[in-house]
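> Mind looking over this structure? Questions follow.
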Amino acid sequence: MTTIEDRQWMARAIRLAWRGRYSTHPNPRVGCVIVQGGRLVGEGWHERAGEAHAEVRALSQAGAEARDATVYVTLEPCSHYGRTPPCARALIDAGVSHVVAATKDPNPAVSGRGLDMLREAGIRVTEGLLADEAVRLNPGFMKRMRTGRPWVRVKMAASLDGRTAMASGESQWITGPAARQDVQRLRAISDAIVTGVGTVLADDPALTVRRDQLGEIGDATEPSRQPLRVVADRDARTPASAKVLQGGKVQLFCAESTLATPAAQDLAALGIGLTGVDWKDDGIDLEQLLDALGGLGINELLVEAGPTLAGAFIRDDLVDELWLYQAPVFLGSTGRPTACLPLTSMADKVQWTVRDRRQVGEDQRLILVRRY
């Protein structure tokens with residue numbers, strides 16, 4: 001049995017965990033609260049990979065008052081040695097009496113081991129409090145541990161008539177500054193951003209997080225790195241001068257036969273990562289792409305691409321969330337569509353459910369999930 005007070009303390013831990021939304025990659029976002037006799041004596045959140053975990057930060061703040069205290073943590077304390085020692089051992093050594101964990105570690109190789117360590121040490125353990133809210137902290141980490149693939153968000157900016165650009169390709173700017181700032185925050189929570197070589201050649205995007213455009217981030221930890229930029233480029237046509245190759249790590253996914261070509265070797269000489277995957281007549285094998293990115297530790301993938309690649313993700317049913325920024329403008333019937341989906345009948349329509357709808361400046365932002 002849990003109480004209203006238990007829920008309040010766990011909700012506080014979840015809010016703390018959100019402070020690491022821009023900075024914990026590839027680790028999960030975790031918050032921890034330590035309570036002694038109804039009083040808060042310590043709290044913390046995981047700020048950056050390789051640094052102290054949430055439990056260790058909270059224990060450091062609590063000091064001797066951690067003995068016989070109750071600990072509220074959003075994810076099962078780790079049980080293994082990585083870049084930091086196991087948090088389950090730190091809690092045992094501190095002498096806490098009760099650990100309330102919102103969710104188990106989703107990694108099947110270690111899931112439950114941290115909680116078992118605590119129980120074996122005589123510590124009372126409660127599982128599942130505000131589990132749904134805690135899972136929403138880390139959709140990508142949870143999915144990658146389960147399936148080996150990242151959580152996929154497709155971002156689109158469109159007009160009222162569903163156009164993403166004029167027929168000429170001109171697209172700056174459909175949406176207003178508030179929506180573009182919101183996209184910067186979306187990039188900042190992403191481990192990687194993928195686009196196609198067509199977009200690189202047409203628009204020359206940088207696909208970086210620009211801190212001066214991110215705006216106020218409140219009590220969140222400052223972004224600690226740029227997302228990995230990923231380009232689907234079968235023939236290694238990305239020019240060495242492309243903005244996407246500057247300011248952080250880049251990975252090109254090419255055809256296997258392309259890897260040995262002079263163009264690919266020239267890019268490799270610049271420090272660009274090259275991965276060979278299969279290509280079909282209609283484009284890259286997206287399942288191979290996602291498997292490879294999962295292997296690189298990518299939890300949350302943002303797709304910022306043209307209608308062909310975006311449409312392929314939708315067609316192959318690989319989209320976990322669709323983020324649509326809709327501007328109150330018309331671009332005309334000759335403009336470019338949001339996604340290339342050659343559907344021929346109403347029975348083929350791809351249906352979505354709106355999970356969130358809000359005004360962002362003069363534009364509307366919809367977050368949608370597939371409806372079957």
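Residue names in the structure tokens use chain letters A, B, ... in the order shown, residue numbers from 1 in each chain, and ligand numbers from 1 in the order shown.
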Taking only segment 148-346 of chain A into account, list the residues labelled strand (DSSP E or B) by DSSP (computed from the backbone), as a PyMOL selection string.

chain A and resi 151-158+163-165+192-196+228-232+250-255+273-277+279-280+283-284+300-303+321-326+336-337

> Please identify the helix (DSSP H, G or I) residues within segment 71-181 of chain A (assignment by DSSP from backbone atoms) and present them as a VMD selection string.

chain A and resid 87 to 94 113 to 120 131 to 135 139 to 147 177 to 181

> Got time to write the residues from that selection, N, CA, C and O atoms, as a short mmCIF file (atom, residue, chain, number, x, y, z; two decimals), in the first residue's frame?


data_model
loop_
_atom_site.label_atom_id
_atom_site.label_comp_id
_atom_site.auth_asym_id
_atom_site.auth_seq_id
_atom_site.Cartn_x
_atom_site.Cartn_y
_atom_site.Cartn_z
N CYS A 87 24.46 1.78 -7.54
CA CYS A 87 23.69 2.59 -6.59
C CYS A 87 23.02 1.72 -5.53
O CYS A 87 22.79 2.18 -4.40
N ALA A 88 22.65 0.49 -5.88
CA ALA A 88 22.04 -0.40 -4.88
C ALA A 88 23.00 -0.59 -3.71
O ALA A 88 22.59 -0.57 -2.54
N ARG A 89 24.28 -0.79 -3.99
CA ARG A 89 25.27 -0.95 -2.93
C ARG A 89 25.40 0.32 -2.10
O ARG A 89 25.51 0.26 -0.86
N ALA A 90 25.34 1.49 -2.74
CA ALA A 90 25.44 2.76 -2.00
C ALA A 90 24.26 2.91 -1.04
O ALA A 90 24.44 3.39 0.09
N LEU A 91 23.07 2.50 -1.46
CA LEU A 91 21.89 2.60 -0.60
C LEU A 91 22.01 1.63 0.58
O LEU A 91 21.64 1.97 1.72
N ILE A 92 22.52 0.44 0.33
CA ILE A 92 22.72 -0.54 1.40
C ILE A 92 23.72 0.00 2.42
O ILE A 92 23.49 -0.04 3.63
N ASP A 93 24.84 0.52 1.93
CA ASP A 93 25.89 1.04 2.82
C ASP A 93 25.39 2.23 3.64
O ASP A 93 25.86 2.44 4.76
N ALA A 94 24.45 2.98 3.07
CA ALA A 94 23.93 4.15 3.79
C ALA A 94 22.92 3.77 4.86
O ALA A 94 22.56 4.60 5.70
N ARG A 113 17.72 -7.07 -10.56
CA ARG A 113 18.87 -7.42 -9.73
C ARG A 113 19.13 -6.38 -8.65
O ARG A 113 19.51 -6.73 -7.52
N GLY A 114 18.97 -5.09 -9.00
CA GLY A 114 19.17 -4.05 -8.00
C GLY A 114 18.18 -4.17 -6.86
O GLY A 114 18.54 -4.03 -5.68
N LEU A 115 16.93 -4.43 -7.19
CA LEU A 115 15.91 -4.58 -6.16
C LEU A 115 16.16 -5.84 -5.33
O LEU A 115 15.95 -5.85 -4.11
N ASP A 116 16.62 -6.91 -5.98
CA ASP A 116 16.95 -8.13 -5.24
C ASP A 116 18.09 -7.89 -4.26
O ASP A 116 18.08 -8.41 -3.13
N MET A 117 19.10 -7.12 -4.69
CA MET A 117 20.21 -6.79 -3.78
C MET A 117 19.70 -6.08 -2.54
O MET A 117 20.13 -6.38 -1.41
N LEU A 118 18.77 -5.16 -2.74
CA LEU A 118 18.23 -4.41 -1.60
C LEU A 118 17.46 -5.33 -0.66
O LEU A 118 17.61 -5.27 0.56
N ARG A 119 16.64 -6.20 -1.26
CA ARG A 119 15.85 -7.12 -0.42
C ARG A 119 16.75 -8.06 0.36
O ARG A 119 16.51 -8.34 1.55
N GLU A 120 17.78 -8.56 -0.30
CA GLU A 120 18.71 -9.48 0.38
C GLU A 120 19.44 -8.81 1.54
O GLU A 120 19.87 -9.48 2.48
N ALA A 131 4.38 4.47 -12.10
CA ALA A 131 5.20 3.82 -13.13
C ALA A 131 5.01 4.44 -14.50
O ALA A 131 5.97 4.65 -15.24
N ASP A 132 3.76 4.73 -14.90
CA ASP A 132 3.52 5.29 -16.23
C ASP A 132 4.22 6.62 -16.41
O ASP A 132 4.83 6.90 -17.45
N GLU A 133 4.15 7.47 -15.38
CA GLU A 133 4.81 8.78 -15.44
C GLU A 133 6.33 8.61 -15.52
O GLU A 133 7.01 9.35 -16.24
N ALA A 134 6.86 7.63 -14.80
CA ALA A 134 8.31 7.40 -14.82
C ALA A 134 8.76 6.85 -16.17
O ALA A 134 9.84 7.21 -16.67
N VAL A 135 7.96 5.99 -16.79
CA VAL A 135 8.31 5.46 -18.11
C VAL A 135 8.39 6.58 -19.13
O VAL A 135 9.25 6.58 -20.02
N PRO A 139 11.33 7.22 -22.81
CA PRO A 139 10.74 6.30 -23.79
C PRO A 139 11.79 5.62 -24.65
O PRO A 139 11.65 4.44 -24.99
N GLY A 140 12.85 6.34 -24.99
CA GLY A 140 13.88 5.77 -25.85
C GLY A 140 14.72 4.73 -25.14
O GLY A 140 15.01 3.66 -25.69
N PHE A 141 15.13 5.01 -23.91
CA PHE A 141 15.92 4.05 -23.14
C PHE A 141 15.11 2.78 -22.92
O PHE A 141 15.62 1.66 -23.08
N MET A 142 13.83 2.95 -22.56
CA MET A 142 12.98 1.79 -22.32
C MET A 142 12.84 0.95 -23.60
O MET A 142 12.95 -0.28 -23.57
N LYS A 143 12.61 1.61 -24.73
CA LYS A 143 12.42 0.87 -25.98
C LYS A 143 13.72 0.20 -26.43
O LYS A 143 13.72 -0.95 -26.88
N ARG A 144 14.84 0.91 -26.32
CA ARG A 144 16.11 0.34 -26.78
C ARG A 144 16.50 -0.88 -25.95
O ARG A 144 17.00 -1.88 -26.49
N MET A 145 16.26 -0.82 -24.65
CA MET A 145 16.57 -1.98 -23.82
C MET A 145 15.69 -3.17 -24.16
O MET A 145 16.08 -4.33 -24.03
N ARG A 146 14.46 -2.88 -24.62
CA ARG A 146 13.49 -3.93 -24.93
C ARG A 146 13.69 -4.50 -26.32
O ARG A 146 13.59 -5.70 -26.53
N THR A 147 13.97 -3.62 -27.31
CA THR A 147 13.94 -4.02 -28.72
C THR A 147 15.27 -3.82 -29.44
O THR A 147 15.43 -4.31 -30.56
N PRO A 177 8.92 32.05 -34.99
CA PRO A 177 10.07 31.88 -34.10
C PRO A 177 9.78 31.01 -32.88
O PRO A 177 10.66 30.28 -32.42
N ALA A 178 8.56 31.07 -32.34
CA ALA A 178 8.27 30.25 -31.15
C ALA A 178 8.31 28.76 -31.49
O ALA A 178 8.82 27.94 -30.72
N ALA A 179 7.77 28.40 -32.64
CA ALA A 179 7.81 26.99 -33.07
C ALA A 179 9.24 26.56 -33.34
O ALA A 179 9.63 25.43 -33.00
N ARG A 180 10.03 27.43 -33.94
CA ARG A 180 11.42 27.06 -34.23
C ARG A 180 12.22 26.89 -32.94
O ARG A 180 13.10 26.03 -32.85
N GLN A 181 11.92 27.70 -31.93
CA GLN A 181 12.56 27.51 -30.63
C GLN A 181 12.15 26.18 -30.01
O GLN A 181 12.97 25.48 -29.42
#

> Residues at most 9 Å from Arg149 of chain A, counting only C-alpha atoms, excluding those fewer than 6 positions away in the same chain, as a VMD selection string?

chain A and resid 140 143 287 290 to 295 297 to 299

> Write the residues of the preceding selection, restricted to all heavy atoms, as a PDB file, in the first residue's frame.


ATOM      1  N   GLY A 140      12.852   6.341 -24.993  1.00  0.00           N
ATOM      2  CA  GLY A 140      13.878   5.765 -25.847  1.00  0.00           C
ATOM      3  C   GLY A 140      14.721   4.728 -25.138  1.00  0.00           C
ATOM      4  O   GLY A 140      15.012   3.658 -25.691  1.00  0.00           O
ATOM      5  N   LYS A 143      12.613   1.606 -24.730  1.00  0.00           N
ATOM      6  CA  LYS A 143      12.424   0.869 -25.977  1.00  0.00           C
ATOM      7  C   LYS A 143      13.720   0.204 -26.431  1.00  0.00           C
ATOM      8  O   LYS A 143      13.720  -0.951 -26.881  1.00  0.00           O
ATOM      9  CB  LYS A 143      11.898   1.808 -27.065  1.00  0.00           C
ATOM     10  CG  LYS A 143      11.648   1.099 -28.387  1.00  0.00           C
ATOM     11  CD  LYS A 143      11.185   2.050 -29.471  1.00  0.00           C
ATOM     12  CE  LYS A 143      11.041   1.332 -30.814  1.00  0.00           C
ATOM     13  NZ  LYS A 143      10.694   2.256 -31.906  1.00  0.00           N
ATOM     14  N   GLU A 287      14.910  -0.538 -41.148  1.00  0.00           N
ATOM     15  CA  GLU A 287      15.056  -1.428 -40.002  1.00  0.00           C
ATOM     16  C   GLU A 287      16.538  -1.651 -39.695  1.00  0.00           C
ATOM     17  O   GLU A 287      16.937  -1.667 -38.521  1.00  0.00           O
ATOM     18  CB  GLU A 287      14.325  -2.739 -40.259  1.00  0.00           C
ATOM     19  CG  GLU A 287      12.833  -2.527 -40.529  1.00  0.00           C
ATOM     20  CD  GLU A 287      11.978  -3.647 -39.968  1.00  0.00           C
ATOM     21  OE1 GLU A 287      12.480  -4.436 -39.145  1.00  0.00           O
ATOM     22  OE2 GLU A 287      10.803  -3.706 -40.347  1.00  0.00           O
ATOM     23  N   LEU A 290      17.791   1.540 -37.964  1.00  0.00           N
ATOM     24  CA  LEU A 290      17.407   1.641 -36.563  1.00  0.00           C
ATOM     25  C   LEU A 290      18.183   0.648 -35.701  1.00  0.00           C
ATOM     26  O   LEU A 290      18.577   0.967 -34.573  1.00  0.00           O
ATOM     27  CB  LEU A 290      15.903   1.427 -36.410  1.00  0.00           C
ATOM     28  CG  LEU A 290      15.021   2.506 -37.036  1.00  0.00           C
ATOM     29  CD1 LEU A 290      13.549   2.164 -36.839  1.00  0.00           C
ATOM     30  CD2 LEU A 290      15.323   3.879 -36.452  1.00  0.00           C
ATOM     31  N   ASP A 291      18.415  -0.559 -36.220  1.00  0.00           N
ATOM     32  CA  ASP A 291      19.211  -1.531 -35.474  1.00  0.00           C
ATOM     33  C   ASP A 291      20.625  -1.003 -35.245  1.00  0.00           C
ATOM     34  O   ASP A 291      21.187  -1.145 -34.150  1.00  0.00           O
ATOM     35  CB  ASP A 291      19.279  -2.862 -36.230  1.00  0.00           C
ATOM     36  CG  ASP A 291      17.960  -3.631 -36.195  1.00  0.00           C
ATOM     37  OD1 ASP A 291      17.134  -3.371 -35.300  1.00  0.00           O
ATOM     38  OD2 ASP A 291      17.754  -4.481 -37.079  1.00  0.00           O
ATOM     39  N   ALA A 292      21.198  -0.403 -36.280  1.00  0.00           N
ATOM     40  CA  ALA A 292      22.555   0.128 -36.161  1.00  0.00           C
ATOM     41  C   ALA A 292      22.609   1.283 -35.163  1.00  0.00           C
ATOM     42  O   ALA A 292      23.538   1.379 -34.352  1.00  0.00           O
ATOM     43  CB  ALA A 292      23.067   0.583 -37.524  1.00  0.00           C
ATOM     44  N   LEU A 293      21.622   2.158 -35.197  1.00  0.00           N
ATOM     45  CA  LEU A 293      21.611   3.292 -34.269  1.00  0.00           C
ATOM     46  C   LEU A 293      21.385   2.821 -32.839  1.00  0.00           C
ATOM     47  O   LEU A 293      21.974   3.365 -31.895  1.00  0.00           O
ATOM     48  CB  LEU A 293      20.528   4.290 -34.685  1.00  0.00           C
ATOM     49  CG  LEU A 293      20.812   5.044 -35.986  1.00  0.00           C
ATOM     50  CD1 LEU A 293      19.625   5.920 -36.368  1.00  0.00           C
ATOM     51  CD2 LEU A 293      22.078   5.893 -35.867  1.00  0.00           C
ATOM     52  N   GLY A 294      20.549   1.810 -32.665  1.00  0.00           N
ATOM     53  CA  GLY A 294      20.392   1.242 -31.336  1.00  0.00           C
ATOM     54  C   GLY A 294      21.706   0.683 -30.815  1.00  0.00           C
ATOM     55  O   GLY A 294      22.043   0.840 -29.634  1.00  0.00           O
ATOM     56  N   GLY A 295      22.473   0.066 -31.704  1.00  0.00           N
ATOM     57  CA  GLY A 295      23.780  -0.455 -31.325  1.00  0.00           C
ATOM     58  C   GLY A 295      24.771   0.629 -30.942  1.00  0.00           C
ATOM     59  O   GLY A 295      25.725   0.372 -30.204  1.00  0.00           O
ATOM     60  N   GLY A 297      23.876   3.117 -29.145  1.00  0.00           N
ATOM     61  CA  GLY A 297      23.385   3.692 -27.897  1.00  0.00           C
ATOM     62  C   GLY A 297      22.401   4.832 -28.072  1.00  0.00           C
ATOM     63  O   GLY A 297      22.174   5.605 -27.136  1.00  0.00           O
ATOM     64  N   ILE A 298      21.803   4.952 -29.245  1.00  0.00           N
ATOM     65  CA  ILE A 298      20.854   6.023 -29.500  1.00  0.00           C
ATOM     66  C   ILE A 298      19.502   5.657 -28.891  1.00  0.00           C
ATOM     67  O   ILE A 298      18.893   4.649 -29.266  1.00  0.00           O
ATOM     68  CB  ILE A 298      20.706   6.284 -31.015  1.00  0.00           C
ATOM     69  CG1 ILE A 298      22.060   6.669 -31.615  1.00  0.00           C
ATOM     70  CG2 ILE A 298      19.662   7.363 -31.277  1.00  0.00           C
ATOM     71  CD1 ILE A 298      22.699   7.889 -30.984  1.00  0.00           C
ATOM     72  N   ASN A 299      19.041   6.470 -27.967  1.00  0.00           N
ATOM     73  CA  ASN A 299      17.744   6.238 -27.314  1.00  0.00           C
ATOM     74  C   ASN A 299      16.600   6.927 -28.040  1.00  0.00           C
ATOM     75  O   ASN A 299      15.546   6.327 -28.249  1.00  0.00           O
ATOM     76  CB  ASN A 299      17.778   6.736 -25.869  1.00  0.00           C
ATOM     77  CG  ASN A 299      18.694   5.918 -24.989  1.00  0.00           C
ATOM     78  OD1 ASN A 299      18.829   4.717 -25.166  1.00  0.00           O
ATOM     79  ND2 ASN A 299      19.337   6.571 -24.028  1.00  0.00           N
TER      80      ASN A 299
END

> How many Å separate atom CA of Gln246 of chain A from atom CA of Pro205 of chain A?

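Computing it gives 10.4 Å between the two atoms.
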
> Need the shell around Ala339 of chain A: protein/DNA/RNA residues with any atom at most 6 Å away, counting only C-alpha atoms. Skip same-chain ones fewer than 3 positions apart. Format as a PyMOL selection string?

chain A and resi 307+310-311

> Residues at most 6 Å from Thr24 of chain A, counting only C-alpha atoms, excluding those fewer than 2 positions away in the same chain, as a PDB file with N, CA, C and O atoms, in the first residue's frame?


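File written: result_37.pdb
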ATOM      1  N   GLY A  20      17.292  16.563 -16.174  1.00  0.00           N
ATOM      2  CA  GLY A  20      18.363  16.009 -16.996  1.00  0.00           C
ATOM      3  C   GLY A  20      17.950  15.727 -18.423  1.00  0.00           C
ATOM      4  O   GLY A  20      18.650  15.006 -19.139  1.00  0.00           O
ATOM      5  N   ASN A  27      22.499   7.756 -21.017  1.00  0.00           N
ATOM      6  CA  ASN A  27      21.903   7.212 -19.795  1.00  0.00           C
ATOM      7  C   ASN A  27      20.459   7.676 -19.643  1.00  0.00           C
ATOM      8  O   ASN A  27      20.063   8.708 -20.199  1.00  0.00           O
ATOM      9  N   GLU A  47      22.708  14.040 -13.831  1.00  0.00           N
ATOM     10  CA  GLU A  47      22.922  15.199 -14.683  1.00  0.00           C
ATOM     11  C   GLU A  47      23.601  14.846 -15.996  1.00  0.00           C
ATOM     12  O   GLU A  47      23.163  15.283 -17.063  1.00  0.00           O
ATOM     13  N   ARG A  48      24.671  14.057 -15.930  1.00  0.00           N
ATOM     14  CA  ARG A  48      25.413  13.736 -17.162  1.00  0.00           C
ATOM     15  C   ARG A  48      25.975  12.331 -17.061  1.00  0.00           C
ATOM     16  O   ARG A  48      26.335  11.874 -15.980  1.00  0.00           O
ATOM     17  N   ALA A  49      26.059  11.654 -18.208  1.00  0.00           N
ATOM     18  CA  ALA A  49      26.654  10.324 -18.261  1.00  0.00           C
ATOM     19  C   ALA A  49      28.083  10.386 -17.744  1.00  0.00           C
ATOM     20  O   ALA A  49      28.840  11.313 -18.073  1.00  0.00           O
TER      21      ALA A  49
END

> Between A:Arg237, A:Arg57, A:Arg211, A:Arg358, which residue has the minimum interatomic distance to Gln265 of chain A, considering only C-alpha atoms?

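Between A:Arg237, A:Arg57, A:Arg211, A:Arg358, the residue approaching Gln265 of chain A most closely is A:Arg237.
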
> At a cut-off of 10 Å, using only C-alpha atoms, what residues contact Asp278 of chain A? Leave out same-chain residues fewer than 4 positions from it and give the result as a ChimeraX atom specification.

/A:234,253-257,283-289

> Which residues, written as a CSV table (one decimal) with N, CA, C and O atoms, in the first residue's frame, have at least one atom at most 12 Å from Ser190 of chain A, with only C-alpha atoms counted and residues fewer than 4 positions away on the same chain left out?


chain,number,residue,atom,x,y,z
A,21,ARG,N,16.9,16.3,-18.9
A,21,ARG,CA,16.3,16.0,-20.2
A,21,ARG,C,17.3,16.3,-21.3
A,21,ARG,O,17.2,15.7,-22.4
A,22,TYR,N,18.1,17.3,-21.2
A,22,TYR,CA,19.0,17.7,-22.3
A,22,TYR,C,20.4,17.1,-22.1
A,22,TYR,O,21.3,17.4,-23.0
A,23,SER,N,20.7,16.3,-21.0
A,23,SER,CA,22.1,16.1,-20.7
A,23,SER,C,22.5,14.7,-20.3
A,23,SER,O,23.7,14.5,-20.1
A,24,THR,N,21.6,13.8,-20.1
A,24,THR,CA,22.0,12.5,-19.6
A,24,THR,C,22.4,11.5,-20.7
A,24,THR,O,22.9,10.4,-20.3
A,25,HIS,N,22.2,11.8,-21.9
A,25,HIS,CA,22.4,10.8,-23.0
A,25,HIS,C,23.8,10.1,-22.9
A,25,HIS,O,24.8,10.8,-22.6
A,26,PRO,N,23.9,8.8,-23.1
A,26,PRO,CA,22.8,7.9,-23.4
A,26,PRO,C,22.2,7.2,-22.2
A,26,PRO,O,21.4,6.3,-22.3
A,138,ASN,N,11.7,8.3,-20.1
A,138,ASN,CA,12.7,7.7,-20.9
A,138,ASN,C,12.2,6.7,-21.9
A,138,ASN,O,12.5,5.5,-21.9
A,139,PRO,N,11.3,7.2,-22.8
A,139,PRO,CA,10.7,6.3,-23.8
A,139,PRO,C,11.8,5.6,-24.7
A,139,PRO,O,11.7,4.4,-25.0
A,140,GLY,N,12.9,6.3,-25.0
A,140,GLY,CA,13.9,5.8,-25.8
A,140,GLY,C,14.7,4.7,-25.1
A,140,GLY,O,15.0,3.7,-25.7
A,141,PHE,N,15.1,5.0,-23.9
A,141,PHE,CA,15.9,4.0,-23.1
A,141,PHE,C,15.1,2.8,-22.9
A,141,PHE,O,15.6,1.7,-23.1
A,150,PRO,N,15.9,2.7,-31.2
A,150,PRO,CA,15.5,3.9,-30.5
A,150,PRO,C,14.0,4.3,-30.7
A,150,PRO,O,13.3,3.7,-31.6
A,151,TRP,N,13.6,5.2,-29.9
A,151,TRP,CA,12.3,5.8,-30.0
A,151,TRP,C,12.4,6.8,-31.1
A,151,TRP,O,13.3,7.6,-31.2
A,152,VAL,N,11.4,6.7,-32.1
A,152,VAL,CA,11.5,7.5,-33.3
A,152,VAL,C,10.4,8.6,-33.3
A,152,VAL,O,9.2,8.3,-33.2
A,153,ARG,N,10.9,9.8,-33.4
A,153,ARG,CA,10.0,11.0,-33.5
A,153,ARG,C,10.2,11.6,-34.9
A,153,ARG,O,11.3,11.9,-35.3
A,154,VAL,N,9.1,11.8,-35.7
A,154,VAL,CA,9.2,12.5,-36.9
A,154,VAL,C,8.6,13.8,-36.7
A,154,VAL,O,7.5,14.0,-36.3
A,155,LYS,N,9.5,14.8,-37.1
A,155,LYS,CA,9.0,16.2,-37.0
A,155,LYS,C,8.7,16.8,-38.3
A,155,LYS,O,9.5,16.6,-39.3
A,183,VAL,N,11.4,23.5,-31.6
A,183,VAL,CA,12.1,22.5,-32.3
A,183,VAL,C,13.6,22.4,-31.8
A,183,VAL,O,14.1,21.3,-31.7
A,184,GLN,N,14.2,23.5,-31.4
A,184,GLN,CA,15.5,23.4,-30.8
A,184,GLN,C,15.5,22.6,-29.5
A,184,GLN,O,16.4,21.8,-29.3
A,185,ARG,N,14.4,22.7,-28.7
A,185,ARG,CA,14.3,21.9,-27.5
A,185,ARG,C,14.1,20.4,-27.9
A,185,ARG,O,14.6,19.6,-27.2
A,186,LEU,N,13.3,20.2,-28.9
A,186,LEU,CA,13.1,18.8,-29.4
A,186,LEU,C,14.4,18.2,-29.8
A,186,LEU,O,14.7,17.0,-29.5
A,194,VAL,N,18.2,12.4,-37.9
A,194,VAL,CA,18.4,11.8,-39.2
A,194,VAL,C,17.8,12.6,-40.3
A,194,VAL,O,16.7,13.1,-40.1
A,207,LEU,N,21.4,21.1,-38.5
A,207,LEU,CA,20.8,20.1,-37.6
A,207,LEU,C,21.5,20.1,-36.3
A,207,LEU,O,21.6,19.0,-35.6
A,208,THR,N,21.9,21.3,-35.8
A,208,THR,CA,22.5,21.3,-34.5
A,208,THR,C,21.6,22.0,-33.5
A,208,THR,O,20.6,22.6,-33.9
A,209,VAL,N,21.9,21.9,-32.2
A,209,VAL,CA,21.2,22.6,-31.1
A,209,VAL,C,21.9,23.9,-31.0
A,209,VAL,O,23.1,23.9,-30.7
A,223,PRO,N,22.6,21.6,-21.9
A,223,PRO,CA,22.9,20.6,-22.9
A,223,PRO,C,24.4,20.4,-22.9
A,223,PRO,O,25.2,21.3,-22.8
A,224,SER,N,24.8,19.1,-22.9
A,224,SER,CA,26.3,18.8,-22.8
A,224,SER,C,26.9,18.4,-24.1
A,224,SER,O,28.1,18.2,-24.1
A,225,ARG,N,26.1,18.2,-25.2
A,225,ARG,CA,26.7,17.8,-26.4
A,225,ARG,C,25.7,18.0,-27.6
A,225,ARG,O,24.5,18.2,-27.3
A,226,GLN,N,26.2,17.9,-28.8
A,226,GLN,CA,25.3,18.0,-29.9
A,226,GLN,C,24.8,16.6,-30.2
A,226,GLN,O,25.5,15.6,-30.1
A,227,PRO,N,23.6,16.5,-30.7
A,227,PRO,CA,23.1,15.2,-31.2
A,227,PRO,C,24.0,14.6,-32.3
A,227,PRO,O,24.5,15.4,-33.1
A,228,LEU,N,24.0,13.3,-32.4
A,228,LEU,CA,24.7,12.7,-33.6
A,228,LEU,C,23.9,13.1,-34.8
A,228,LEU,O,22.6,12.9,-34.8
A,229,ARG,N,24.5,13.6,-35.8
A,229,ARG,CA,23.8,13.8,-37.1
A,229,ARG,C,24.0,12.6,-38.0
A,229,ARG,O,25.1,12.1,-38.2
A,297,GLY,N,23.9,3.1,-29.1
A,297,GLY,CA,23.4,3.7,-27.9
A,297,GLY,C,22.4,4.8,-28.1
A,297,GLY,O,22.2,5.6,-27.1
A,298,ILE,N,21.8,5.0,-29.2
A,298,ILE,CA,20.9,6.0,-29.5
A,298,ILE,C,19.5,5.7,-28.9
A,298,ILE,O,18.9,4.6,-29.3
A,299,ASN,N,19.0,6.5,-28.0
A,299,ASN,CA,17.7,6.2,-27.3
A,299,ASN,C,16.6,6.9,-28.0
A,299,ASN,O,15.5,6.3,-28.2
A,300,GLU,N,16.8,8.2,-28.4
A,300,GLU,CA,15.7,9.0,-29.0
A,300,GLU,C,16.2,9.6,-30.3
A,300,GLU,O,17.1,10.3,-30.3
A,301,LEU,N,15.5,9.2,-31.4
A,301,LEU,CA,15.9,9.6,-32.7
A,301,LEU,C,14.9,10.6,-33.3
A,301,LEU,O,13.7,10.3,-33.2
A,302,LEU,N,15.3,11.7,-33.8
A,302,LEU,CA,14.5,12.7,-34.4
A,302,LEU,C,14.7,12.6,-35.9
A,302,LEU,O,15.8,12.7,-36.4
A,303,VAL,N,13.6,12.5,-36.6
A,303,VAL,CA,13.7,12.5,-38.1
A,303,VAL,C,13.3,13.9,-38.6
A,303,VAL,O,12.1,14.3,-38.4
A,304,GLU,N,14.2,14.6,-39.2
A,304,GLU,CA,14.0,15.9,-39.8
A,304,GLU,C,14.4,15.7,-41.3
A,304,GLU,O,15.5,15.9,-41.6

> Go through A:Val350, A:Ala66, A:Ile4, A:Leu75 and flag the residue nearest Gly37 of chain A, using only C-alpha atoms for the distances.

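Nearest candidate to Gly37 of chain A out of A:Val350, A:Ala66, A:Ile4, A:Leu75: A:Ala66.
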
> Enter the distance from atom CA of Ala236 of chain A to atom CA of Ala312 of chain A, in Å, rounded to one decimal.

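We find that atom CA of Ala236 of chain A and atom CA of Ala312 of chain A lie 19.9 Å from each other.
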
> Would you mind telling me which residue in A:Leu259, A:Ile189, A:Leu245, A:Ala206 lies nearest to Glu222 of chain A when using only C-alpha atoms?

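Smallest separation from Glu222 of chain A among the options: A:Ile189.
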
> Grab the atom CA of Val110 of chain A to atom CA of Asp68 of chain A distance for me, in Å with one decimal place.

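Spanning atom CA of Val110 of chain A to atom CA of Asp68 of chain A is a straight-line distance of 26.1 Å.
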